[in-house]
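These notes concern the structure reproduced below.
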Amino acid sequence: MESFLTFPARRDVAGLKAALGALDGGDHVTVVLHTTRYGALEVSGRVFSSPTGDLWLSGRLIAGPQTKAKDGSAVRSPISELRTLVADPATLHGEPADPLGFAHGDLVSVDIEQVPYGIFTISGVATEGADGNVRVGEWAVAGGGALAKRLRGARLVGREHTEPVPARRDPLDTEE
């Protein structure tokens, strides 16, 4: 089984700042994020630079605006969930599969299209909510027997893997 969701126990913040400082809007990048709720996620796509200079990938902020380090080089501060930048951003994981067959705990990779971020790929452990909707991270894949409107492709990496499986998502609490 591929171990593409691995990352160093300790982040190389200086290295991340320098690598992110070299990125411009439109550049392709692959990162590994580690979230409390969804565990590790690999996100690959073109970065979007906001009017304030922040870098976004797949609708997620990954770094603040570009500044100058003491030595004059360009740097950007990474968000705390950003664990590493991946050296080979061209790797696709898994075999084409019907996302309606994805279940809670499957290791999957999906392609999503979202304006203004374009097409990007999210790889991680699928989670299912009490409502039956399947997601990878916070990105919708399928639910109610239908595919998510922004889904452009799906691959099953494996049903048996060593990645931690997040708890099933609870329904939203609408009462306050």
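Scheme for the structure tokens: letters A, B, ... for chains in order shown; per-chain residue numbers from 1; ligand numbers from 1 in order shown.
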
Please list as a PyMOL selection string every residue within 6 Å of region 75-84 of chain A, counting only C-alpha atoms and excluding residues in the same chain fewer than 4 positions away.
chain A and resi 11+17-18+20-21+31-35+62-68

Produce a file of the selected residues containing C-alpha atoms, as a PDB file, in the first residue's frame.
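Dumped to out-v6.pdb:
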ATOM      1  CA  ARG A  11       7.610  20.339  10.424  1.00  0.00           C
ATOM      2  CA  LYS A  17       8.298  29.271   4.339  1.00  0.00           C
ATOM      3  CA  ALA A  18      10.972  29.349   1.635  1.00  0.00           C
ATOM      4  CA  LEU A  20       5.856  28.745  -0.282  1.00  0.00           C
ATOM      5  CA  GLY A  21       7.623  32.079  -0.834  1.00  0.00           C
ATOM      6  CA  VAL A  31       0.827  19.354  -0.138  1.00  0.00           C
ATOM      7  CA  VAL A  32       0.003  17.099   2.784  1.00  0.00           C
ATOM      8  CA  LEU A  33      -2.332  18.606   5.352  1.00  0.00           C
ATOM      9  CA  HIS A  34      -3.028  17.092   8.742  1.00  0.00           C
ATOM     10  CA  THR A  35      -6.414  18.011  10.159  1.00  0.00           C
ATOM     11  CA  ILE A  62      -2.313  27.301   2.778  1.00  0.00           C
ATOM     12  CA  ALA A  63      -0.084  30.353   3.362  1.00  0.00           C
ATOM     13  CA  GLY A  64      -0.151  34.044   4.134  1.00  0.00           C
ATOM     14  CA  PRO A  65       1.056  36.852   1.894  1.00  0.00           C
ATOM     15  CA  GLN A  66       4.612  36.974   0.614  1.00  0.00           C
ATOM     16  CA  THR A  67       7.084  38.843   2.798  1.00  0.00           C
ATOM     17  CA  LYS A  68      10.865  39.196   2.875  1.00  0.00           C
TER      18      LYS A  68
END

Write out as a PyMOL selection string which residues come within 8 Å of Gly153 (chain A) when counting only C-alpha atoms, dropping same-chain ones fewer than 3 positions away.
chain A and resi 96+110-112

Selection above as a file: N, CA and C atoms, as a tab-separated table (two decimals), in the first residue's frame:
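Output saved as part-v7.tsv:
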chain	number	residue	atom	x	y	z
A	96	PRO	N	-9.33	3.79	-11.21
A	96	PRO	CA	-10.66	4.38	-11.41
A	96	PRO	C	-11.75	3.53	-10.76
A	110	VAL	N	-9.92	11.77	-5.25
A	110	VAL	CA	-10.98	12.34	-6.08
A	110	VAL	C	-10.52	13.65	-6.72
A	111	ASP	N	-11.07	13.93	-7.89
A	111	ASP	CA	-10.80	15.18	-8.60
A	111	ASP	C	-12.05	16.04	-8.50
A	112	ILE	N	-11.85	17.28	-8.08
A	112	ILE	CA	-12.94	18.24	-7.86
A	112	ILE	C	-12.66	19.47	-8.72

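Omitting Arg150 (chain A) and its sequence neighbours fewer than 3 positions away, and counting only C-alpha atoms, the residues within 9 Å are Asp111, Ile112, Glu113, Gln114, Ala140, Val141 and Leu147 of chain A.
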
Output C-alpha atoms for every residue in that selection, as a PDB file, in the first residue's frame.
ATOM      1  CA  ASP A 111     -10.802  15.175  -8.602  1.00  0.00           C
ATOM      2  CA  ILE A 112     -12.938  18.237  -7.864  1.00  0.00           C
ATOM      3  CA  GLU A 113     -13.549  21.340  -9.976  1.00  0.00           C
ATOM      4  CA  GLN A 114     -14.287  24.614  -8.209  1.00  0.00           C
ATOM      5  CA  ALA A 140     -18.252  16.225  -0.974  1.00  0.00           C
ATOM      6  CA  VAL A 141     -18.010  13.086  -3.111  1.00  0.00           C
ATOM      7  CA  LEU A 147     -22.464  12.261  -7.243  1.00  0.00           C
TER       8      LEU A 147
END

Can you list every residue in region 6-112 of chain A that DSSP puts in alpha helix (DSSP H), as a PyMOL selection string?
chain A and resi 13-21

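Using only C-alpha atoms, the smallest distance between any of A:Lys149, A:His104, A:Arg135, A:His93 and Thr121 (chain A) comes from A:His93.
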
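Every protein, DNA or RNA residue with an atom at most 12 Å from Asp27 (chain A), where only C-alpha atoms count and chain neighbours fewer than 3 positions away do not, is listed here: Ala19, Leu20, Gly21, Ala22, Leu23, Asp24, Thr30, Ser44, Gly45, Arg46, Val47, Phe48, Ser49, Leu55, Trp56, Leu57, Pro89, Tyr117 and Gly118 of chain A.
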
Which of region 26-142 of chain A end up as strand (DSSP E) when DSSP is run on this backbone - answer as a PyMOL selection string?
chain A and resi 28-35+39-46+48-49+55-57+60-63+67-68+74-75+82-85+95-96+107-114+118-128+134-136+139-142

By how many Å are CA of Pro8 (chain A) and CA of Ile119 (chain A) apart?
27.4 Å

Find the distance between CA of Gly132 (chain A) and CA of Pro166 (chain A) and write it in Å to one decimal.
15.1 Å
